[in-house]
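Trainee: Got my_file_3.cif for you, mmCIF, C-alpha atoms:
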data_query
#
loop_
_atom_site.label_atom_id
_atom_site.label_comp_id
_atom_site.auth_asym_id
_atom_site.auth_seq_id
_atom_site.Cartn_x
_atom_site.Cartn_y
_atom_site.Cartn_z
CA MET A 101 -56.21 136.51 39.67
CA LYS A 102 -55.58 132.87 38.82
CA LEU A 103 -51.82 133.37 39.19
CA LEU A 104 -52.30 135.07 42.54
CA GLU A 105 -54.55 132.24 43.70
CA LYS A 106 -51.95 129.65 42.67
CA VAL A 107 -49.25 131.50 44.60
CA ARG A 108 -51.47 131.66 47.68
CA ASN A 109 -52.21 127.93 47.45
CA LYS A 110 -48.51 127.06 47.16
CA LEU A 111 -47.65 129.29 50.12
CA SER A 112 -50.41 127.60 52.11
CA VAL A 113 -48.90 124.17 51.35
CA VAL A 114 -45.45 125.35 52.45
CA LYS A 115 -46.88 126.77 55.69
CA THR A 116 -48.64 123.48 56.41
CA VAL A 117 -45.44 121.51 55.83
CA VAL A 118 -43.46 123.81 58.12
CA ALA A 119 -46.10 123.65 60.86
CA GLN A 120 -46.30 119.86 60.81
CA ALA A 121 -42.62 119.06 60.24
CA GLU A 122 -40.93 120.98 63.04
CA PRO A 123 -43.52 123.15 64.79
CA SER A 124 -41.36 124.46 67.63
CA ASN A 125 -37.64 124.24 66.89
CA GLY A 126 -37.15 127.52 65.04
CA ARG A 127 -36.19 125.94 61.70
CA ALA A 128 -39.18 127.29 59.77
CA LEU A 129 -37.18 128.90 56.97
CA GLY A 130 -34.86 125.91 56.65
CA ILE A 131 -37.79 123.47 56.44
CA ALA A 132 -39.55 125.63 53.86
CA LEU A 133 -36.48 125.83 51.65
CA ASP A 134 -35.72 122.13 52.07
CA PHE A 135 -39.27 121.18 51.09
CA LEU A 136 -39.10 123.33 47.94
CA TYR A 137 -35.71 121.82 47.11
CA CYS A 138 -37.03 118.25 47.55
CA LYS A 139 -40.10 119.05 45.48
CA LEU A 140 -37.87 120.14 42.59
CA ARG A 141 -35.16 117.49 43.07
CA PHE A 142 -37.28 114.41 43.86
CA GLN A 143 -40.86 115.44 42.85
CA VAL A 144 -41.95 114.68 46.41
CA SER A 145 -45.44 115.80 47.47
CA SER A 146 -46.12 117.65 50.71
CA GLU A 147 -47.80 114.52 52.11
CA GLU A 148 -44.78 112.35 51.27
CA TYR A 149 -42.33 114.94 52.63
CA LEU A 150 -44.13 114.77 55.97
CA LYS A 151 -45.01 111.06 56.14
CA TYR A 152 -41.51 109.91 55.16
CA ARG A 153 -39.87 112.65 57.31
CA TYR A 154 -37.69 113.90 54.48
CA TYR A 155 -36.59 116.78 56.71
CA GLN A 156 -34.67 114.31 58.90
CA TYR A 157 -32.54 112.71 56.17
CA GLN A 158 -29.80 113.44 53.70
CA ASN A 159 -30.18 113.07 49.94
CA ARG A 160 -28.42 109.71 49.73
CA TYR A 161 -31.23 108.27 51.86
CA ARG A 162 -34.26 110.15 50.57
CA LYS A 163 -33.44 109.56 46.91
CA ASN A 164 -34.45 105.89 47.37
CA PHE A 165 -38.05 106.47 48.44
CA LEU A 166 -40.72 105.35 46.01
CA LEU A 167 -43.08 108.26 45.35
CA VAL A 168 -46.49 108.85 43.80
CA HIS A 169 -44.59 110.57 40.97
CA HIS A 170 -42.89 107.26 40.15
CA GLN A 171 -46.20 105.40 40.43
CA HIS A 172 -47.91 107.72 37.93
CA HIS A 173 -45.05 108.45 35.54
CA ASP A 174 -42.30 105.83 35.78
CA TYR A 175 -43.78 102.42 36.64
CA ARG A 176 -45.04 102.17 33.05
CA TYR A 177 -41.47 101.67 31.87
CA ILE A 178 -41.23 98.33 33.69
CA SER A 179 -44.90 97.27 34.07
CA PRO A 180 -48.02 97.39 31.86
CA VAL A 181 -50.37 100.35 32.20
CA GLY A 182 -53.42 98.16 32.80
CA LEU A 183 -53.85 94.80 34.49
CA ALA A 184 -57.42 93.52 34.13
CA LYS A 185 -58.32 91.12 36.91
CA TYR A 186 -59.83 88.32 34.82
CA LYS A 187 -56.97 88.22 32.31
CA PHE A 188 -54.58 88.16 35.23
CA TYR A 189 -56.46 85.27 36.85
CA THR A 190 -56.40 83.21 33.66
CA THR A 191 -52.63 83.75 33.33
CA ILE A 192 -51.96 82.23 36.76
CA SER A 193 -54.96 79.91 37.08
CA ASP A 194 -52.97 77.25 38.94
CA CYS A 195 -51.73 79.72 41.56
CA TYR A 196 -55.00 80.23 43.43
CA SER A 197 -57.47 77.78 44.89
CA ARG A 198 -60.88 79.47 44.66
CA GLU A 199 -63.38 79.54 41.78
CA ILE A 200 -63.57 82.77 39.76
CA ILE A 201 -65.84 83.73 36.83
CA ARG A 202 -66.38 86.82 34.66
CA GLY A 203 -69.91 87.95 33.89
CA SER A 204 -69.42 88.36 30.15
CA VAL A 205 -67.96 84.86 29.90
CA SER A 206 -70.28 82.96 32.24
CA GLY A 207 -73.56 84.54 31.13
CA GLU A 208 -76.69 84.36 33.25
CA GLU A 209 -76.82 80.57 33.48
CA GLY A 210 -73.18 80.33 34.47
CA PHE A 211 -73.65 83.00 37.12
CA LEU A 212 -76.71 81.23 38.53
CA GLU A 213 -74.83 77.96 38.73
CA PHE A 214 -71.95 79.75 40.46
CA VAL A 215 -74.04 81.50 43.14
CA ARG A 216 -76.24 78.46 43.78
CA LYS A 217 -73.07 76.54 44.54
CA HIS A 218 -71.30 79.11 46.71
CA LYS A 219 -74.32 81.00 48.16
CA LYS A 220 -72.21 84.04 49.07
CA VAL A 221 -69.72 85.54 46.56
CA ILE A 222 -67.69 88.70 46.15
CA SER A 223 -67.97 90.86 43.03
CA LYS A 224 -65.27 93.23 41.74
CA PRO A 225 -65.00 95.63 38.78
CA ASP A 226 -62.50 94.07 36.36
CA GLY A 227 -60.34 97.19 36.34
CA GLY A 228 -61.16 98.55 39.79
CA THR A 229 -58.67 100.08 42.21
CA TYR A 230 -58.53 101.09 45.89
CA GLY A 231 -61.26 98.58 46.76
CA ARG A 232 -63.90 100.66 44.96
CA GLY A 233 -67.01 98.93 43.65
CA ILE A 234 -66.41 95.70 45.59
CA ASP A 235 -69.41 94.14 47.28
CA ILE A 236 -70.68 90.81 48.57
CA PHE A 237 -73.73 89.08 47.10
CA THR A 238 -75.74 86.49 49.02
CA TYR A 239 -77.90 84.15 46.94
CA GLU A 240 -81.58 83.83 47.93
CA ASN A 241 -83.30 82.74 44.72
CA ASP A 242 -82.80 82.79 40.95
CA GLU A 243 -84.95 85.87 40.37
CA GLN A 244 -83.05 87.91 42.94
CA ALA A 245 -79.70 86.67 41.59
CA LEU A 246 -80.56 87.55 37.98
CA ALA A 247 -81.70 91.03 39.00
CA TYR A 248 -78.32 91.56 40.67
CA PHE A 249 -76.39 90.15 37.71
CA ARG A 250 -78.24 92.28 35.14
CA GLN A 251 -77.42 95.54 36.85
CA LYS A 252 -73.70 94.74 36.89
CA PRO A 253 -71.35 95.46 33.95
CA GLY A 254 -70.35 92.41 31.90
CA GLU A 255 -66.72 92.94 32.94
CA THR A 256 -67.54 92.25 36.59
CA VAL A 257 -65.54 89.43 38.18
CA TYR A 258 -67.22 87.12 40.72
CA GLU A 259 -65.19 85.13 43.21
CA GLU A 260 -65.75 82.41 45.75
CA LEU A 261 -65.16 83.86 49.23
CA ILE A 262 -61.83 83.19 50.87
CA ARG A 263 -61.78 81.47 54.25
CA GLN A 264 -58.86 82.92 56.17
CA HIS A 265 -56.60 81.26 58.74
CA ASP A 266 -57.72 81.52 62.37
CA ALA A 267 -54.58 83.50 63.24
CA LEU A 268 -55.61 86.24 60.81
CA ALA A 269 -59.30 86.04 61.73
CA ALA A 270 -58.23 86.70 65.32
CA LEU A 271 -56.87 90.06 64.17
CA ASN A 272 -60.14 91.08 62.51
CA PRO A 273 -62.85 88.55 61.58
CA HIS A 274 -64.87 91.12 59.60
CA CYS A 275 -62.56 91.23 56.57
CA VAL A 276 -59.95 89.12 54.82
CA ASN A 277 -56.73 90.44 56.34
CA SER A 278 -54.22 90.29 53.52
CA ILE A 279 -50.48 90.72 53.00
CA ARG A 280 -49.26 93.16 50.35
CA ILE A 281 -46.01 91.76 49.00
CA LEU A 282 -44.02 94.11 46.79
CA ALA A 283 -42.00 92.15 44.23
CA LEU A 284 -39.63 93.10 41.43
CA ARG A 285 -39.07 90.90 38.37
CA LYS A 286 -35.84 91.40 36.48
CA LYS A 287 -34.27 89.11 33.89
CA GLY A 288 -36.55 86.25 34.85
CA SER A 289 -35.81 86.32 38.58
CA VAL A 290 -38.19 87.69 41.21
CA GLU A 291 -37.09 89.51 44.36
CA ILE A 292 -39.35 90.32 47.31
CA LEU A 293 -38.83 93.92 48.45
CA SER A 294 -41.33 94.33 51.29
CA ALA A 295 -44.42 92.88 52.94
CA THR A 296 -47.24 94.71 54.71
CA LEU A 297 -50.10 93.25 56.71
CA LYS A 298 -53.39 95.03 55.91
CA THR A 299 -56.59 95.03 57.94
CA SER A 300 -59.79 97.05 58.25
CA SER A 301 -60.21 99.25 61.30
CA THR A 302 -64.00 98.91 61.54
CA GLU A 303 -66.58 96.13 61.70
CA GLY A 304 -68.61 97.56 58.83
CA THR A 305 -65.86 97.36 56.20
CA PHE A 306 -65.09 94.01 54.59
CA VAL A 307 -62.17 95.30 52.50
CA ASP A 308 -58.75 95.99 54.02
CA ASN A 309 -57.82 98.80 51.61
CA MET A 310 -55.78 101.54 53.24
CA HIS A 311 -57.78 104.21 51.39
CA SER A 312 -60.93 102.89 53.07
CA GLY A 313 -59.80 103.31 56.66
CA GLY A 314 -57.36 100.41 56.72
CA ILE A 315 -54.43 99.78 59.05
CA GLY A 316 -51.04 98.49 57.90
CA ALA A 317 -48.04 96.95 59.70
CA MET A 318 -44.74 95.74 58.26
CA VAL A 319 -43.84 92.04 58.08
CA ASP A 320 -40.27 90.76 58.36
CA LEU A 321 -39.35 89.05 55.09
CA GLU A 322 -37.25 86.34 56.71
CA THR A 323 -39.56 85.27 59.52
CA GLY A 324 -43.06 86.41 58.54
CA ILE A 325 -43.44 88.19 61.88
CA VAL A 326 -44.94 91.68 62.16
CA TYR A 327 -42.28 94.09 63.46
CA THR A 328 -44.00 97.51 63.54
CA PHE A 329 -47.06 99.03 65.16
CA GLY A 330 -50.12 99.40 62.99
CA TYR A 331 -50.60 102.74 61.21
CA ASP A 332 -53.33 104.26 59.08
CA TYR A 333 -52.92 106.95 56.44
CA GLU A 334 -54.00 109.63 58.92
CA GLY A 335 -50.88 108.90 60.96
CA ASN A 336 -52.66 107.18 63.83
CA LYS A 337 -50.64 104.49 65.62
CA TYR A 338 -52.14 101.22 66.88
CA THR A 339 -50.34 98.89 69.27
CA HIS A 340 -53.40 96.59 69.16
CA HIS A 341 -56.26 96.18 66.71
CA PRO A 342 -59.11 98.56 67.71
CA ILE A 343 -61.78 95.84 67.32
CA THR A 344 -60.24 92.66 68.70
CA GLY A 345 -57.35 93.94 70.81
CA THR A 346 -54.89 91.66 69.01
CA GLN A 347 -51.34 92.98 69.25
CA PHE A 348 -49.62 93.88 65.97
CA ILE A 349 -45.93 93.52 66.87
CA GLY A 350 -45.04 89.85 67.15
CA LEU A 351 -47.99 88.57 65.13
CA ASN A 352 -46.74 85.51 63.25
CA ILE A 353 -48.09 85.11 59.71
CA PRO A 354 -48.84 81.38 59.12
CA HIS A 355 -47.61 79.66 55.94
CA TRP A 356 -45.17 82.52 55.34
CA GLU A 357 -42.74 80.50 53.22
CA ASP A 358 -45.67 79.32 51.08
CA ALA A 359 -46.76 82.93 50.54
CA VAL A 360 -43.30 84.03 49.39
CA ALA A 361 -42.91 81.01 47.10
CA LEU A 362 -46.37 81.59 45.61
CA VAL A 363 -45.60 85.22 44.77
CA LYS A 364 -42.31 84.28 43.13
CA LYS A 365 -43.98 81.53 41.10
CA ALA A 366 -46.85 83.74 39.92
CA HIS A 367 -44.72 86.83 39.22
CA ALA A 368 -42.34 84.75 37.12
CA ARG A 369 -45.32 84.12 34.78
CA MET A 370 -46.05 87.83 34.37
CA ARG A 371 -43.70 88.66 31.54
CA GLY A 372 -43.35 92.41 31.10
CA SER A 373 -44.47 93.13 34.67
CA GLY A 374 -41.42 94.43 36.49
CA ILE A 375 -43.02 95.73 39.68
CA LEU A 376 -46.21 94.28 41.16
CA GLY A 377 -47.93 94.55 44.51
CA TRP A 378 -49.40 91.14 45.36
CA ASP A 379 -52.30 90.87 47.78
CA ILE A 380 -52.07 87.51 49.49
CA ALA A 381 -54.60 85.80 51.77
CA ILE A 382 -53.59 83.19 54.31
CA THR A 383 -56.02 80.26 54.43
CA PRO A 384 -56.09 77.23 56.76
CA THR A 385 -54.18 75.22 54.15
CA GLY A 386 -51.70 77.78 52.78
CA ALA A 387 -51.43 81.03 50.86
CA ASP A 388 -53.83 82.23 48.16
CA ILE A 389 -53.53 85.11 45.69
CA ILE A 390 -56.24 87.75 45.90
CA GLU A 391 -54.92 89.99 43.12
CA ALA A 392 -51.88 91.84 41.83
CA ASN A 393 -51.50 95.61 41.44
CA ASN A 394 -49.38 96.85 38.55
CA ARG A 395 -49.05 100.32 40.09
CA PRO A 396 -48.76 99.54 43.81
CA GLY A 397 -49.08 102.55 46.08
CA PRO A 398 -45.75 103.59 47.65
CA LEU A 399 -47.19 104.69 51.01
CA LEU A 400 -48.22 101.15 51.96
CA THR A 401 -44.69 99.81 51.62
CA GLN A 402 -42.77 102.63 53.32
CA VAL A 403 -44.82 104.76 55.70
CA MET A 404 -45.02 102.22 58.56
CA ASP A 405 -41.27 101.76 59.04
CA GLY A 406 -39.98 104.86 57.22
CA ILE A 407 -37.51 102.77 55.22
CA PRO A 408 -37.26 103.51 51.47
CA LYS A 409 -37.93 100.51 49.21
CA GLY A 410 -37.08 102.08 45.87
CA GLU A 411 -33.37 101.60 45.23
CA LYS A 412 -33.69 98.50 43.02
CA VAL A 413 -36.99 99.58 41.47
CA LEU A 414 -35.65 103.00 40.48
CA LEU A 415 -32.52 101.40 39.03
CA SER A 416 -34.70 99.12 36.86
CA ILE A 417 -36.72 102.14 35.71
CA LYS A 418 -33.55 104.05 34.89
CA GLN A 419 -32.22 101.14 32.85
CA ALA A 420 -35.55 100.71 31.03
CA LYS A 421 -35.63 104.40 30.12
CA ARG A 422 -32.07 104.21 28.81
CA LYS A 423 -32.93 101.13 26.74
CA LYS A 424 -35.97 102.87 25.26
CA LYS A 425 -33.90 105.89 24.27
CA LYS A 426 -31.38 103.68 22.49
CA LYS A 427 -34.16 102.03 20.45
CA LYS A 428 -35.38 105.43 19.26
CA ARG A 429 -31.97 106.37 17.86
#
Before we go any further, please render this structure as structure tokens.
Mentor:
Amino acid sequence: MKLLEKVRNKLSVVKTVVAQAEPSNGRALGIALDFLYCKLRFQVSSEEYLKYRYYQYQNRYRKNFLLVHHQHHDYRYISPVGLAKYKFYTTISDCYSREIIRGSVSGEEGFLEFVRKHKKVISKPDGGTYGRGIDIFTYENDEQALAYFRQKPGETVYEELIRQHDALAALNPHCVNSIRILALRKKGSVEILSATLKTSSTEGTFVDNMHSGGIGAMVDLETGIVYTFGYDYEGNKYTHHPITGTQFIGLNIPHWEDAVALVKKAHARMRGSGILGWDIAITPTGADIIEANNRPGPLLTQVMDGIPKGEKVLLSIKQAKRKKKKKKR
């Protein structure tokens, strides 16, 4: 029965792919076979096959897409498995401008001093992902602050809030609208591969994470100007932000050269970290690092413009695998 159920589930996935890929052109069998081929050849998921429109391209193009398979199985060859936030912050302490503490280091007195000073702070799990577990604390009194601190794990990181540039606040004032910059470090040099503007789609969400209803749009690496519509992970297209009405295409990211230079400077410090996804905030005075992701999600860097960003990353992974095999001999 379990085998029969698995077969039914796989057939259901294939039917869904066929229905969504080319619903009316009579290529159902061809799409089904192509999807199964790509699944075996590239380890592409049904979601990726549809979102990246694999059915429209030849192998020489689709082989360069970064996939969830690479994120889960291959990034480890060029980047560390874990990247704790506080250790990361201490490594690049001169690359950001806000005050940051860790609960287990500051203790209760240090935390009280921190929140008395800043009044409103953001707290993050040290190893959190996808924006989970992030909240904002507003100081009222010492008793209330200690009660909050004591129910948080010692690994929690507390940060001074970022004040964003007016140009980004005009897009959405309810969250810090950040730029995800995908960078590759190889032999000491750092190359920027892509940049994506991220924003929340609702007033009630203060994080811009795409898995929490976010919207993304691609940024031109040379000019810092947004060149695509906004898209969410449900495939919805936005010409303008749904809250403020600010247009996506043509939005000019302030301090763009500072942002690129900051990422290159910080990534150069991260020895052993080949690929990183840097979340950058734009403040009134320049660029500031929010955090770095050692396993950056591939959708965010490719789904908005449909252009694969993996050629150089996959080459680095291939070379790292080959090097590891030689060491074992």
Trainee: Expand the PyMOL selection byres ((chain A and resi 270-274) around 9) into the individual residues it matches in the shown file, reporting them as a VMD selection string.
Mentor: chain A and resid 264 to 269 275 to 277 299 to 307 340 to 341 343 to 348
Trainee: Leaving out Gly254 of chain A and any residue of its chain fewer than 4 positions from it, which residues lie within 10 Å of it when counting only C-alpha atoms, given as a short mmCIF file (atom, residue, chain, number, x, y, z; two decimals) with C-alpha atoms, in the coordinates of the input?
Mentor:
data_model
loop_
_atom_site.label_atom_id
_atom_site.label_comp_id
_atom_site.auth_asym_id
_atom_site.auth_seq_id
_atom_site.Cartn_x
_atom_site.Cartn_y
_atom_site.Cartn_z
CA ARG A 202 -66.38 86.82 34.66
CA GLY A 203 -69.91 87.95 33.89
CA SER A 204 -69.42 88.36 30.15
CA VAL A 205 -67.96 84.86 29.90
CA SER A 206 -70.28 82.96 32.24
CA GLY A 207 -73.56 84.54 31.13
CA PRO A 225 -65.00 95.63 38.78
CA ASP A 226 -62.50 94.07 36.36
CA PHE A 249 -76.39 90.15 37.71
CA ARG A 250 -78.24 92.28 35.14
#
Trainee: Do a neighbour search on segment 363-371 of chain A at 10 Å with only C-alpha atoms, toss out local chain neighbours closer than 4 positions, and write the hits as a PDB file with C-alpha atoms, in the coordinates of the input.
Mentor:
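Below is the file that was written, result-v4.pdb:
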ATOM      1  CA  SER A 179     -44.900  97.270  34.070  1.00  0.00           C
ATOM      2  CA  PRO A 180     -48.020  97.390  31.860  1.00  0.00           C
ATOM      3  CA  PHE A 188     -54.580  88.160  35.230  1.00  0.00           C
ATOM      4  CA  THR A 191     -52.630  83.750  33.330  1.00  0.00           C
ATOM      5  CA  ILE A 192     -51.960  82.230  36.760  1.00  0.00           C
ATOM      6  CA  SER A 193     -54.960  79.910  37.080  1.00  0.00           C
ATOM      7  CA  ASP A 194     -52.970  77.250  38.940  1.00  0.00           C
ATOM      8  CA  CYS A 195     -51.730  79.720  41.560  1.00  0.00           C
ATOM      9  CA  TYR A 196     -55.000  80.230  43.430  1.00  0.00           C
ATOM     10  CA  ILE A 281     -46.010  91.760  49.000  1.00  0.00           C
ATOM     11  CA  LEU A 282     -44.020  94.110  46.790  1.00  0.00           C
ATOM     12  CA  ALA A 283     -42.000  92.150  44.230  1.00  0.00           C
ATOM     13  CA  LEU A 284     -39.630  93.100  41.430  1.00  0.00           C
ATOM     14  CA  ARG A 285     -39.070  90.900  38.370  1.00  0.00           C
ATOM     15  CA  LYS A 286     -35.840  91.400  36.480  1.00  0.00           C
ATOM     16  CA  LYS A 287     -34.270  89.110  33.890  1.00  0.00           C
ATOM     17  CA  GLY A 288     -36.550  86.250  34.850  1.00  0.00           C
ATOM     18  CA  SER A 289     -35.810  86.320  38.580  1.00  0.00           C
ATOM     19  CA  VAL A 290     -38.190  87.690  41.210  1.00  0.00           C
ATOM     20  CA  GLU A 291     -37.090  89.510  44.360  1.00  0.00           C
ATOM     21  CA  ILE A 292     -39.350  90.320  47.310  1.00  0.00           C
ATOM     22  CA  ASP A 358     -45.670  79.320  51.080  1.00  0.00           C
ATOM     23  CA  ALA A 359     -46.760  82.930  50.540  1.00  0.00           C
ATOM     24  CA  ILE A 375     -43.020  95.730  39.680  1.00  0.00           C
ATOM     25  CA  LEU A 376     -46.210  94.280  41.160  1.00  0.00           C
ATOM     26  CA  GLY A 377     -47.930  94.550  44.510  1.00  0.00           C
ATOM     27  CA  TRP A 378     -49.400  91.140  45.360  1.00  0.00           C
ATOM     28  CA  ASP A 379     -52.300  90.870  47.780  1.00  0.00           C
ATOM     29  CA  ILE A 380     -52.070  87.510  49.490  1.00  0.00           C
ATOM     30  CA  ALA A 387     -51.430  81.030  50.860  1.00  0.00           C
ATOM     31  CA  ASP A 388     -53.830  82.230  48.160  1.00  0.00           C
ATOM     32  CA  ILE A 389     -53.530  85.110  45.690  1.00  0.00           C
ATOM     33  CA  ALA A 392     -51.880  91.840  41.830  1.00  0.00           C
TER      34      ALA A 392
END
Trainee: Pick out the closest residue to Gln120 of chain A from this set: A:Glu259, A:Glu411, A:Asp405, A:Glu147. Count all atoms listed in the file.
Mentor: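 Checking each of A:Glu259, A:Glu411, A:Asp405, A:Glu147 against Gln120 of chain A, counting all atoms listed in the file, the winner is A:Glu147.
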Trainee: With distances taken over only C-alpha atoms, which of A:Arg108, A:Lys224, A:Lys217, A:Arg160 is nearest to Thr256 of chain A?
Mentor: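 Residue with the minimum atom-to-atom distance to Thr256 of chain A: A:Lys224.
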Trainee: List as a list in words the residues having at least one atom at most 6 Å from position (-78.6, 87.7, 45.3) as given in the file, counting all atoms listed in the file.
Mentor: Phe237, Thr238, Tyr239, Glu240, Gln244 and Ala245 of chain A
Trainee: Between A:Gln419, A:Gln171, A:Thr116, A:Thr323, which is the closest to Trp356 of chain A once you count only C-alpha atoms?
Mentor: A:Thr323
